[in-house]
$ cat entry_39.cif   # mmCIF, C-alpha atoms
data_start
#
loop_
_atom_site.label_atom_id
_atom_site.label_comp_id
_atom_site.auth_asym_id
_atom_site.auth_seq_id
_atom_site.Cartn_x
_atom_site.Cartn_y
_atom_site.Cartn_z
CA MET A 1 -5.25 3.49 22.91
CA ARG A 2 -2.35 4.43 20.62
CA PHE A 3 -3.50 4.65 17.00
CA GLY A 4 -1.49 4.96 13.82
CA ILE A 5 -3.53 6.17 10.87
CA LEU A 6 -2.12 5.67 7.42
CA GLY A 7 -3.34 8.35 5.02
CA THR A 8 -3.99 12.09 5.33
CA GLY A 9 -6.98 12.27 2.98
CA ILE A 10 -10.50 13.05 4.11
CA VAL A 11 -10.97 9.55 5.56
CA GLY A 12 -7.71 9.61 7.53
CA LYS A 13 -8.35 13.11 8.89
CA THR A 14 -11.95 12.33 9.82
CA PHE A 15 -10.85 9.18 11.61
CA ALA A 16 -7.99 10.96 13.37
CA ALA A 17 -10.24 13.77 14.57
CA ARG A 18 -12.81 11.35 15.98
CA LEU A 19 -10.20 9.19 17.75
CA ASP A 20 -8.61 12.33 19.19
CA GLU A 21 -12.04 13.50 20.40
CA LEU A 22 -12.54 10.13 22.10
CA GLY A 23 -9.27 10.59 24.00
CA HIS A 24 -7.00 8.30 22.00
CA ASP A 25 -3.34 9.02 21.21
CA VAL A 26 -3.11 9.46 17.44
CA VAL A 27 -0.27 9.71 14.95
CA ILE A 28 -1.35 10.20 11.34
CA GLY A 29 1.13 8.93 8.79
CA THR A 30 1.96 10.06 5.29
CA ARG A 31 4.64 9.32 2.73
CA GLU A 32 6.55 12.60 3.21
CA PRO A 33 5.35 14.74 6.15
CA ALA A 34 7.24 17.84 4.98
CA GLU A 35 5.56 17.62 1.59
CA THR A 36 2.11 17.08 3.16
CA LEU A 37 2.59 20.19 5.35
CA SER A 38 3.94 22.36 2.56
CA ARG A 39 0.94 21.97 0.23
CA THR A 40 -0.64 25.30 -0.58
CA GLU A 41 -3.50 24.15 -2.83
CA PRO A 42 -6.67 22.35 -1.71
CA ASP A 43 -7.11 18.86 -3.20
CA ALA A 44 -9.29 18.06 -6.20
CA TYR A 45 -12.38 17.81 -3.96
CA GLY A 46 -11.83 21.21 -2.37
CA ASN A 47 -10.88 19.80 1.03
CA PRO A 48 -8.88 22.16 3.26
CA LEU A 49 -5.09 22.01 3.49
CA PHE A 50 -3.64 19.51 5.93
CA SER A 51 -1.71 22.30 7.64
CA ALA A 52 -4.96 24.18 8.35
CA TRP A 53 -6.63 20.98 9.59
CA GLN A 54 -3.73 20.24 11.90
CA GLN A 55 -3.96 23.63 13.56
CA GLU A 56 -7.48 22.65 14.64
CA HIS A 57 -6.31 19.19 15.79
CA SER A 58 -3.01 19.97 17.45
CA GLU A 59 -3.09 16.81 19.56
CA VAL A 60 -2.78 14.69 16.43
CA LYS A 61 0.85 14.25 15.45
CA LEU A 62 1.98 13.92 11.86
CA GLY A 63 4.69 11.41 10.95
CA THR A 64 5.86 9.03 8.27
CA PHE A 65 3.91 5.81 7.61
CA GLY A 66 6.66 4.03 9.59
CA GLU A 67 6.41 6.43 12.55
CA ALA A 68 2.64 6.14 12.66
CA ALA A 69 2.81 2.34 12.59
CA ALA A 70 5.62 2.13 15.14
CA HIS A 71 3.67 4.39 17.52
CA SER A 72 0.51 2.35 17.42
CA GLU A 73 -1.27 -0.46 19.15
CA MET A 74 -3.86 -0.41 16.36
CA ILE A 75 -3.38 0.70 12.77
CA VAL A 76 -5.98 2.13 10.42
CA ASN A 77 -5.43 1.79 6.67
CA ALA A 78 -7.06 4.94 5.32
CA THR A 79 -4.98 5.19 2.17
CA ALA A 80 -6.39 4.93 -1.35
CA GLY A 81 -6.86 1.20 -1.92
CA VAL A 82 -4.76 1.06 -5.07
CA ALA A 83 -1.82 2.53 -3.05
CA SER A 84 -2.38 0.60 0.19
CA LEU A 85 0.19 -2.16 -0.29
CA ASP A 86 2.88 0.39 -1.14
CA ALA A 87 1.99 2.45 1.93
CA LEU A 88 2.11 -0.65 4.14
CA GLU A 89 5.54 -1.58 2.73
CA LEU A 90 6.73 1.91 3.67
CA ALA A 91 5.19 1.50 7.13
CA GLY A 92 7.43 -1.54 7.52
CA GLU A 93 6.50 -5.11 8.31
CA ALA A 94 8.28 -5.00 11.70
CA ASN A 95 6.14 -2.01 12.73
CA LEU A 96 2.95 -3.82 11.72
CA ASN A 97 3.46 -7.40 12.89
CA GLY A 98 1.26 -8.65 15.71
CA LYS A 99 -1.02 -5.61 15.55
CA VAL A 100 -4.64 -5.17 14.54
CA LEU A 101 -4.94 -3.43 11.18
CA MET A 102 -8.36 -1.97 10.41
CA ASP A 103 -8.56 -1.90 6.65
CA ILE A 104 -11.18 0.66 5.67
CA ALA A 105 -9.89 1.28 2.13
CA ASN A 106 -11.45 0.65 -1.27
CA ALA A 107 -9.38 -0.28 -4.31
CA LEU A 108 -11.08 2.18 -6.64
CA ASP A 109 -9.41 2.47 -10.03
CA PHE A 110 -10.16 5.82 -11.67
CA SER A 111 -7.73 5.26 -14.57
CA GLN A 112 -10.53 4.29 -17.00
CA GLY A 113 -12.73 7.27 -16.11
CA MET A 114 -15.96 7.53 -14.11
CA PRO A 115 -17.42 5.63 -12.48
CA PRO A 116 -14.31 3.87 -11.16
CA THR A 117 -13.93 0.09 -11.29
CA LEU A 118 -12.29 -2.04 -8.60
CA SER A 119 -8.62 -2.97 -9.13
CA VAL A 120 -9.28 -6.24 -7.27
CA SER A 121 -12.65 -7.99 -6.91
CA ASN A 122 -14.74 -11.14 -7.37
CA THR A 123 -11.99 -13.76 -6.83
CA ASP A 124 -9.90 -11.70 -4.40
CA SER A 125 -10.06 -8.51 -2.32
CA LEU A 126 -7.82 -5.80 -0.94
CA GLY A 127 -8.34 -7.16 2.56
CA GLU A 128 -7.10 -10.59 1.48
CA LEU A 129 -4.17 -9.10 -0.47
CA ILE A 130 -3.02 -7.28 2.67
CA GLN A 131 -3.53 -10.34 4.88
CA ARG A 132 -1.53 -12.57 2.51
CA ARG A 133 1.32 -10.06 2.21
CA PHE A 134 1.47 -9.50 5.99
CA PRO A 135 0.52 -12.84 7.55
CA GLU A 136 1.51 -11.71 11.08
CA VAL A 137 -0.84 -8.72 10.97
CA LYS A 138 -4.43 -9.14 12.20
CA VAL A 139 -6.37 -7.61 9.32
CA VAL A 140 -10.01 -6.65 9.95
CA LYS A 141 -11.93 -5.22 7.01
CA THR A 142 -14.66 -2.81 8.09
CA LEU A 143 -16.22 0.63 7.52
CA ASN A 144 -15.44 0.70 3.79
CA THR A 145 -19.13 0.74 2.88
CA MET A 146 -20.16 4.25 3.89
CA ASN A 147 -19.08 7.91 3.84
CA ALA A 148 -16.22 8.91 6.17
CA TYR A 149 -18.40 11.11 8.38
CA LEU A 150 -20.79 8.21 8.97
CA MET A 151 -17.93 5.80 9.69
CA VAL A 152 -17.03 7.59 12.90
CA ASP A 153 -20.44 9.06 13.80
CA PRO A 154 -23.25 6.76 12.62
CA ALA A 155 -25.83 8.31 14.95
CA GLN A 156 -26.05 11.39 12.72
CA LEU A 157 -28.23 9.24 10.38
CA ALA A 158 -31.47 7.63 11.65
CA GLY A 159 -30.12 7.22 15.18
CA ALA A 160 -27.50 4.73 13.89
CA ASP A 161 -30.24 2.36 12.69
CA HIS A 162 -28.07 1.00 9.86
CA THR A 163 -25.37 -1.59 9.45
CA VAL A 164 -21.58 -1.99 9.46
CA PHE A 165 -19.77 -5.20 8.47
CA VAL A 166 -16.58 -6.79 9.82
CA SER A 167 -14.45 -9.46 8.15
CA GLY A 168 -11.29 -11.06 9.50
CA ASP A 169 -9.53 -14.27 10.45
CA ASP A 170 -8.71 -13.36 14.07
CA ALA A 171 -11.67 -13.45 16.48
CA GLU A 172 -9.91 -11.42 19.16
CA ALA A 173 -8.94 -8.73 16.67
CA LYS A 174 -12.54 -8.53 15.45
CA ALA A 175 -13.75 -8.20 19.04
CA THR A 176 -11.33 -5.28 19.59
CA VAL A 177 -12.54 -3.59 16.39
CA ILE A 178 -16.19 -4.15 17.32
CA GLU A 179 -15.54 -2.48 20.69
CA LEU A 180 -14.09 0.53 18.88
CA LEU A 181 -17.06 0.61 16.48
CA ARG A 182 -19.43 0.67 19.46
CA SER A 183 -17.50 3.61 20.90
CA PHE A 184 -18.17 5.45 17.63
CA GLY A 185 -21.90 4.78 18.09
CA TRP A 186 -22.43 1.69 15.92
CA ALA A 187 -25.23 -0.55 17.15
CA ASP A 188 -25.84 -2.95 14.23
CA ILE A 189 -22.55 -4.75 13.52
CA ILE A 190 -22.55 -7.94 11.41
CA ASP A 191 -19.56 -10.29 11.48
CA LEU A 192 -19.49 -11.69 7.94
CA GLY A 193 -16.78 -14.26 8.67
CA ASP A 194 -13.14 -14.68 7.67
CA ILE A 195 -11.12 -12.18 5.64
CA SER A 196 -12.34 -13.68 2.34
CA THR A 197 -15.74 -12.15 3.13
CA ALA A 198 -14.11 -8.77 2.49
CA ARG A 199 -14.83 -9.48 -1.19
CA GLY A 200 -18.51 -8.97 -0.54
CA ALA A 201 -18.01 -5.79 1.45
CA GLU A 202 -15.66 -4.32 -1.16
CA MET A 203 -17.96 -5.22 -4.05
CA ILE A 204 -20.68 -3.04 -2.53
CA LEU A 205 -18.78 0.03 -3.68
CA PRO A 206 -20.10 0.13 -7.26
CA ILE A 207 -23.71 0.37 -6.07
CA TRP A 208 -22.67 2.80 -3.32
CA LEU A 209 -21.27 5.10 -6.01
CA ARG A 210 -24.43 4.79 -8.14
CA LEU A 211 -26.60 5.49 -5.09
CA LEU A 212 -24.52 8.60 -4.45
CA GLY A 213 -25.39 9.68 -7.98
CA ALA A 214 -29.09 8.84 -7.59
CA LEU A 215 -29.54 10.33 -4.10
CA GLN A 216 -27.17 13.32 -4.51
CA ASN A 217 -26.21 13.13 -0.84
CA PRO A 218 -23.41 11.03 0.70
CA ILE A 219 -25.12 10.59 4.09
CA PHE A 220 -26.81 7.24 3.44
CA ASN A 221 -26.03 3.67 4.38
CA PHE A 222 -27.11 0.06 3.97
CA LYS A 223 -29.25 -1.48 6.68
CA ILE A 224 -29.68 -5.22 6.66
CA VAL A 225 -33.36 -5.64 7.48
CA ARG A 226 -34.03 -9.11 8.95
CA MET B 1 -51.01 -8.42 -18.66
CA ARG B 2 -49.53 -11.35 -20.62
CA PHE B 3 -46.25 -12.49 -19.06
CA GLY B 4 -43.62 -14.89 -20.37
CA ILE B 5 -41.34 -16.20 -17.65
CA LEU B 6 -38.10 -17.80 -18.75
CA GLY B 7 -36.94 -20.44 -16.26
CA THR B 8 -38.76 -23.08 -14.20
CA GLY B 9 -36.49 -22.94 -11.13
CA ILE B 10 -37.61 -21.66 -7.76
CA VAL B 11 -37.43 -18.01 -8.93
CA GLY B 12 -39.45 -18.63 -12.08
CA LYS B 13 -42.10 -20.66 -10.25
CA THR B 14 -42.38 -18.12 -7.41
CA PHE B 15 -42.77 -15.30 -9.91
CA ALA B 16 -45.30 -17.22 -11.98
CA ALA B 17 -47.41 -18.09 -8.94
CA ARG B 18 -47.49 -14.48 -7.78
CA LEU B 19 -48.38 -13.08 -11.23
CA ASP B 20 -51.10 -15.72 -11.56
CA GLU B 21 -52.43 -14.74 -8.13
CA LEU B 22 -52.54 -11.10 -9.24
CA GLY B 23 -54.67 -12.07 -12.24
CA HIS B 24 -52.07 -11.96 -15.01
CA ASP B 25 -51.91 -14.39 -17.92
CA VAL B 26 -48.68 -16.38 -17.49
CA VAL B 27 -46.71 -18.79 -19.66
CA ILE B 28 -43.58 -20.20 -18.06
CA GLY B 29 -40.90 -21.23 -20.52
CA THR B 30 -38.26 -23.94 -20.38
CA ARG B 31 -35.83 -25.52 -22.82
CA GLU B 32 -37.79 -28.77 -23.26
CA PRO B 33 -41.24 -28.79 -21.67
CA ALA B 34 -41.61 -32.59 -21.97
CA GLU B 35 -38.31 -33.09 -20.12
CA THR B 36 -39.30 -30.57 -17.40
CA LEU B 37 -42.61 -32.39 -16.84
CA SER B 38 -41.07 -35.87 -16.85
CA ARG B 39 -38.60 -35.25 -14.02
CA THR B 40 -39.15 -37.61 -11.11
CA GLU B 41 -36.43 -36.37 -8.72
CA PRO B 42 -36.49 -33.11 -6.73
CA ASP B 43 -33.68 -30.70 -7.58
CA ALA B 44 -30.45 -30.37 -5.57
CA TYR B 45 -32.18 -27.96 -3.11
CA GLY B 46 -35.09 -30.34 -2.43
CA ASN B 47 -37.63 -28.18 -4.28
CA PRO B 48 -40.76 -30.04 -5.41
CA LEU B 49 -41.16 -31.39 -8.94
CA PHE B 50 -42.43 -29.00 -11.58
CA SER B 51 -45.27 -31.39 -12.37
CA ALA B 52 -46.48 -31.27 -8.75
CA TRP B 53 -46.15 -27.48 -8.70
CA GLN B 54 -48.11 -27.13 -11.91
CA GLN B 55 -51.04 -29.13 -10.52
CA GLU B 56 -51.36 -26.44 -7.85
CA HIS B 57 -51.04 -23.64 -10.46
CA SER B 58 -53.08 -24.97 -13.32
CA GLU B 59 -53.69 -21.50 -14.79
CA VAL B 60 -49.98 -21.18 -15.55
CA LYS B 61 -49.16 -22.74 -18.90
CA LEU B 62 -45.83 -24.41 -19.63
CA GLY B 63 -44.15 -23.86 -22.99
CA THR B 64 -40.80 -23.52 -24.71
CA PHE B 65 -38.75 -20.37 -24.18
CA GLY B 66 -39.97 -19.26 -27.61
CA GLU B 67 -43.63 -19.90 -26.79
CA ALA B 68 -43.36 -18.04 -23.48
CA ALA B 69 -41.71 -15.05 -25.17
CA ALA B 70 -44.13 -15.03 -28.12
CA HIS B 71 -47.09 -15.09 -25.72
CA SER B 72 -45.94 -12.14 -23.67
CA GLU B 73 -46.25 -8.41 -23.41
CA MET B 74 -43.56 -8.50 -20.70
CA ILE B 75 -40.78 -11.07 -20.27
CA VAL B 76 -39.07 -12.09 -17.02
CA ASN B 77 -35.57 -13.57 -17.23
CA ALA B 78 -35.55 -15.99 -14.30
CA THR B 79 -32.94 -18.34 -15.71
CA ALA B 80 -29.55 -18.97 -14.11
CA GLY B 81 -27.44 -15.98 -15.14
CA VAL B 82 -24.68 -18.04 -16.74
CA ALA B 83 -27.31 -19.63 -19.03
CA SER B 84 -29.41 -16.51 -19.69
CA LEU B 85 -28.00 -15.54 -23.08
CA ASP B 86 -28.48 -19.10 -24.39
CA ALA B 87 -32.05 -19.13 -23.10
CA LEU B 88 -32.78 -15.78 -24.74
CA GLU B 89 -31.35 -17.02 -28.05
CA LEU B 90 -33.73 -19.97 -27.84
CA ALA B 91 -36.58 -17.59 -27.02
CA GLY B 92 -35.82 -15.89 -30.31
CA GLU B 93 -34.99 -12.28 -31.04
CA ALA B 94 -38.22 -11.74 -33.00
CA ASN B 95 -40.26 -12.86 -29.98
CA LEU B 96 -38.36 -10.47 -27.70
CA ASN B 97 -37.98 -7.30 -29.76
CA GLY B 98 -39.86 -4.23 -28.63
CA LYS B 99 -40.84 -5.79 -25.31
CA VAL B 100 -39.85 -5.05 -21.71
CA LEU B 101 -37.49 -7.71 -20.33
CA MET B 102 -37.19 -7.75 -16.54
CA ASP B 103 -33.79 -9.28 -15.89
CA ILE B 104 -33.81 -10.66 -12.35
CA ALA B 105 -30.95 -13.14 -12.86
CA ASN B 106 -27.50 -13.35 -11.29
CA ALA B 107 -24.50 -14.69 -13.17
CA LEU B 108 -23.28 -16.94 -10.36
CA ASP B 109 -20.45 -19.25 -11.34
CA PHE B 110 -20.31 -22.34 -9.10
CA SER B 111 -17.62 -24.06 -11.17
CA GLN B 112 -14.83 -23.09 -8.75
CA GLY B 113 -16.73 -24.25 -5.66
CA MET B 114 -18.41 -22.29 -2.89
CA PRO B 115 -19.01 -19.45 -2.51
CA PRO B 116 -19.67 -18.80 -6.21
CA THR B 117 -18.00 -15.94 -8.06
CA LEU B 118 -19.67 -13.81 -10.75
CA SER B 119 -19.05 -14.80 -14.37
CA VAL B 120 -19.32 -11.12 -15.33
CA SER B 121 -18.67 -8.13 -13.03
CA ASN B 122 -16.80 -4.88 -12.38
CA THR B 123 -16.38 -3.71 -16.00
CA ASP B 124 -19.60 -5.26 -17.33
CA SER B 125 -22.80 -6.94 -16.13
CA LEU B 126 -25.33 -9.53 -17.23
CA GLY B 127 -27.90 -6.77 -17.72
CA GLU B 128 -25.57 -4.94 -20.11
CA LEU B 129 -24.64 -8.16 -21.94
CA ILE B 130 -28.32 -8.84 -22.61
CA GLN B 131 -29.01 -5.25 -23.66
CA ARG B 132 -26.06 -5.25 -26.09
CA ARG B 133 -27.03 -8.60 -27.61
CA PHE B 134 -30.71 -7.56 -27.99
CA PRO B 135 -30.66 -3.82 -28.68
CA GLU B 136 -34.40 -3.71 -29.54
CA VAL B 137 -35.39 -5.21 -26.17
CA LYS B 138 -36.08 -2.87 -23.24
CA VAL B 139 -33.98 -4.47 -20.51
CA VAL B 140 -34.71 -3.47 -16.91
CA LYS B 141 -32.50 -5.02 -14.22
CA THR B 142 -34.30 -5.41 -10.92
CA LEU B 143 -35.14 -7.77 -8.03
CA ASN B 144 -31.84 -9.69 -8.26
CA THR B 145 -30.77 -8.54 -4.78
CA MET B 146 -33.09 -10.55 -2.54
CA ASN B 147 -34.64 -13.98 -2.03
CA ALA B 148 -37.36 -15.05 -4.49
CA TYR B 149 -40.13 -15.03 -1.89
CA LEU B 150 -39.29 -11.43 -0.99
CA MET B 151 -39.12 -10.37 -4.64
CA VAL B 152 -42.84 -10.92 -5.10
CA ASP B 153 -44.04 -10.30 -1.51
CA PRO B 154 -41.81 -7.74 0.22
CA ALA B 155 -44.41 -6.97 2.92
CA GLN B 156 -43.66 -10.28 4.65
CA LEU B 157 -40.48 -8.59 6.01
CA ALA B 158 -40.74 -5.42 8.12
CA GLY B 159 -43.85 -4.21 6.32
CA ALA B 160 -41.83 -3.81 3.10
CA ASP B 161 -39.55 -1.22 4.76
CA HIS B 162 -36.57 -2.18 2.58
CA THR B 163 -35.31 -1.37 -0.88
CA VAL B 164 -35.41 -2.62 -4.46
CA PHE B 165 -33.30 -1.17 -7.29
CA VAL B 166 -34.06 -0.67 -10.99
CA SER B 167 -31.59 -0.07 -13.82
CA GLY B 168 -32.37 0.46 -17.47
CA ASP B 169 -32.00 2.71 -20.48
CA ASP B 170 -35.72 3.11 -21.30
CA ALA B 171 -37.65 5.40 -18.94
CA GLU B 172 -41.06 4.11 -20.03
CA ALA B 173 -40.00 0.49 -19.51
CA LYS B 174 -38.73 1.35 -16.03
CA ALA B 175 -42.04 3.05 -15.22
CA THR B 176 -43.91 -0.11 -16.30
CA VAL B 177 -41.64 -2.27 -14.14
CA ILE B 178 -42.01 0.08 -11.18
CA GLU B 179 -45.79 -0.17 -11.47
CA LEU B 180 -45.50 -3.97 -11.35
CA LEU B 181 -43.18 -3.76 -8.33
CA ARG B 182 -45.73 -1.60 -6.52
CA SER B 183 -48.39 -4.21 -7.26
CA PHE B 184 -46.15 -6.76 -5.50
CA GLY B 185 -46.03 -4.48 -2.45
CA TRP B 186 -42.75 -2.64 -2.98
CA ALA B 187 -42.73 0.87 -1.50
CA ASP B 188 -39.03 1.88 -1.58
CA ILE B 189 -37.88 1.67 -5.21
CA ILE B 190 -34.63 3.40 -6.24
CA ASP B 191 -33.91 4.08 -9.91
CA LEU B 192 -30.11 3.76 -10.13
CA GLY B 193 -29.91 5.02 -13.71
CA ASP B 194 -29.08 3.42 -17.05
CA ILE B 195 -28.40 -0.28 -17.63
CA SER B 196 -24.70 0.10 -16.74
CA THR B 197 -25.82 0.60 -13.13
CA ALA B 198 -26.79 -3.09 -13.15
CA ARG B 199 -23.10 -3.70 -12.35
CA GLY B 200 -23.64 -2.32 -8.89
CA ALA B 201 -26.83 -4.29 -8.28
CA GLU B 202 -25.23 -7.52 -9.51
CA MET B 203 -22.07 -7.00 -7.43
CA ILE B 204 -24.18 -7.02 -4.27
CA LEU B 205 -24.55 -10.78 -4.62
CA PRO B 206 -21.26 -11.76 -2.94
CA ILE B 207 -22.19 -9.95 0.29
CA TRP B 208 -25.76 -11.26 0.00
CA LEU B 209 -24.38 -14.81 -0.01
CA ARG B 210 -22.12 -14.10 2.97
CA LEU B 211 -25.01 -12.52 4.86
CA LEU B 212 -27.05 -15.65 4.17
CA GLY B 213 -24.24 -17.61 5.83
CA ALA B 214 -23.99 -15.22 8.77
CA LEU B 215 -27.74 -14.81 9.38
CA GLN B 216 -28.77 -18.40 8.48
CA ASN B 217 -32.08 -17.15 7.11
CA PRO B 218 -32.80 -15.99 3.53
CA ILE B 219 -35.57 -13.54 4.49
CA PHE B 220 -33.45 -10.38 4.74
CA ASN B 221 -32.87 -7.41 2.47
CA PHE B 222 -30.91 -4.21 2.04
CA LYS B 223 -32.58 -0.97 3.02
CA ILE B 224 -30.96 2.25 1.89
CA VAL B 225 -31.27 4.46 4.96
CA ARG B 226 -31.11 8.14 3.97
#
$ encode --input "entry_39.cif" --output "structure tokens"
Amino acid sequence: MRFGILGTGIVGKTFAARLDELGHDVVIGTREPAETLSRTEPDAYGNPLFSAWQQEHSEVKLGTFGEAAAHSEMIVNATAGVASLDALELAGEANLNGKVLMDIANALDFSQGMPPTLSVSNTDSLGELIQRRFPEVKVVKTLNTMNAYLMVDPAQLAGADHTVFVSGDDAEAKATVIELLRSFGWADIIDLGDISTARGAEMILPIWLRLLGALQNPIFNFKIVR
Amino acid sequence: MRFGILGTGIVGKTFAARLDELGHDVVIGTREPAETLSRTEPDAYGNPLFSAWQQEHSEVKLGTFGEAAAHSEMIVNATAGVASLDALELAGEANLNGKVLMDIANALDFSQGMPPTLSVSNTDSLGELIQRRFPEVKVVKTLNTMNAYLMVDPAQLAGADHTVFVSGDDAEAKATVIELLRSFGWADIIDLGDISTARGAEMILPIWLRLLGALQNPIFNFKIVR
């Protein structure tokens, strides 16, 4: 399938690498490709330069947000949540309409220090904001509740005996996303309901961050025991 | 140990019955004991009358919030979260000071319809509100993330192979609460950190409510797989 991934951070690169490995056709989009390629300093987390990463993933093409979206049958929002609506505007409504958009972002607001708060929560969610702004896009919220490496390779932890959630208004879009999740190795997938259920999935982030602090290891996940 | 339980709803009664069963000395507190005993209609969820429940748990004494708190070595806040601060004021600061307060409440606001939102979240929590209002009380947030029957008897689900969280500023108070949790059957207990980590535990409620809708069965819980 043709994928457009919005965002060249660790989540976008991890997703792109896994989709490439699975044989998909991937364009990864950024605001200014020339600027992304010209960076000479690692990011604040010490992640490698995009240019170095791309040399190891030469099948993955780099483009603008608009080029990535135009290329795709399915779009992955892997931007920082507080910047997602801007990135989607740059991608262009015409390039998005009618497509499935996997929203895996979290609207973490670091402006007040650590730990971050959520810029939208409780009475609304990022997933709903995106769905309202782009009513012709089939938004499916998923995969925002675990580390990027687990998102695309859940079997590395406890043989994938843990849970991923999906939220969205379009049943066919959710079925397509669930098929992709199974191809990643997910076995326990819970459909929470319509896109308003993204509030619950997004509001897990504060305890996720505290668990990261308590466990000192990002390779953990929620399992819904029932 | 002498326990004062604030709240005669299903959570308070379930907690009281379990503590009584384990041999503790329990007073359950309510705003107006005479009014609680005189009710002749089941509540909105069809739970039995308090008077009928008390006949089956005659060792548990009913009193005012103040009497329950004065009686206790440890206090359990099992009131509705939006009413907890009022209930604690009625219990009386002098009756609370110096004691461990297990806060198991959730500040669910049903005033805007279903599903409820949280009356405090993201930048604050009910646990923190209580700790700030009663600085001499040792507040430990715990057990707010699962059904009442599981709180006090986790082994009924998957041999207790699921997780409970604790948050609080006082290490000794947390150790006392953890000992009580083990006596209930809890095996996987994660200390999230200080009382501000209650935000994360409380913000799990929206997905808990959506999971209840999706699974149609309240006997489920989060396990942190790591």
$ resolve_selection --input "entry_39.cif" --expression "the PyMOL selection byres ((chain B) within 8 of (chain A))" --output "JSON, numbers by chain"
{"B": [117, 118, 121, 122, 123, 157, 158, 162, 190, 191, 192, 193, 197, 199, 200, 201, 203, 204, 205, 206, 207, 208, 210, 211, 213, 214, 219, 220, 221, 222, 223, 224, 225, 226]}
$ resolve_selection --input "entry_39.cif" --expression "the PyMOL selection byres ((chain A and resi 89) around 12)" --output "PyMOL selection string"
chain A and resi 6+31+64-66+69+83-88+90-97+130+133-134
$ resolve_selection --input "entry_39.cif" --expression "the PyMOL selection byres ((chain B and resi 148-152) around 7)" --output "mmCIF file with C-alpha atoms, keeping the file's coordinate frame"
data_model
loop_
_atom_site.group_PDB
_atom_site.id
_atom_site.type_symbol
_atom_site.label_atom_id
_atom_site.label_comp_id
_atom_site.auth_asym_id
_atom_site.auth_seq_id
_atom_site.Cartn_x
_atom_site.Cartn_y
_atom_site.Cartn_z
ATOM 1 C CA VAL B 11 -37.430 -18.010 -8.930
ATOM 2 C CA THR B 14 -42.380 -18.120 -7.410
ATOM 3 C CA PHE B 15 -42.770 -15.300 -9.910
ATOM 4 C CA ARG B 18 -47.490 -14.480 -7.780
ATOM 5 C CA LEU B 143 -35.140 -7.770 -8.030
ATOM 6 C CA MET B 146 -33.090 -10.550 -2.540
ATOM 7 C CA ASN B 147 -34.640 -13.980 -2.030
ATOM 8 C CA ASP B 153 -44.040 -10.300 -1.510
ATOM 9 C CA PRO B 154 -41.810 -7.740 0.220
ATOM 10 C CA PHE B 184 -46.150 -6.760 -5.500
ATOM 11 C CA ILE B 219 -35.570 -13.540 4.490
#
$ residues_around --input "entry_39.cif" --residues "Phe50 in chain B" --least-positions-apart "6" --cutoff "8 Å" --atoms "only C-alpha atoms" --output "PyMOL selection string"
chain B and resi 8+36-37+39
$ residues_around --input "entry_39.cif" --residues "Val140 in chain B" --least-positions-apart "2" --cutoff "7 Å" --atoms "all atoms listed in the file" --output "PDB file with C-alpha atoms, in the frame of the given file"
ATOM      1  CA  LEU B 101     -37.490  -7.710 -20.330  1.00  0.00           C
ATOM      2  CA  MET B 102     -37.190  -7.750 -16.540  1.00  0.00           C
ATOM      3  CA  ASP B 103     -33.790  -9.280 -15.890  1.00  0.00           C
ATOM      4  CA  LYS B 138     -36.080  -2.870 -23.240  1.00  0.00           C
ATOM      5  CA  THR B 142     -34.300  -5.410 -10.920  1.00  0.00           C
ATOM      6  CA  VAL B 166     -34.060  -0.670 -10.990  1.00  0.00           C
ATOM      7  CA  SER B 167     -31.590  -0.070 -13.820  1.00  0.00           C
ATOM      8  CA  GLY B 168     -32.370   0.460 -17.470  1.00  0.00           C
ATOM      9  CA  LYS B 174     -38.730   1.350 -16.030  1.00  0.00           C
TER      10      LYS B 174
END
$ atom_distance --input "entry_39.cif" --atom1 "CA of Glu32 in chain B" --atom2 "CA of Gly46 in chain B"
21.1 Å
$ axis_aligned_box --input "entry_39.cif" --around "range 92-103 of chain A" --padding-each-side "6 Å" --output "JSON"
{"center_x": -0.1, "center_y": -5.1, "center_z": 11.2, "size_x": 28.8, "size_y": 19.1, "size_z": 21.1}
$ atom_distance --input "entry_39.cif" --atom1 "CA of Ala70 in chain B" --atom2 "CA of Ala175 in chain B"
22.3 Å
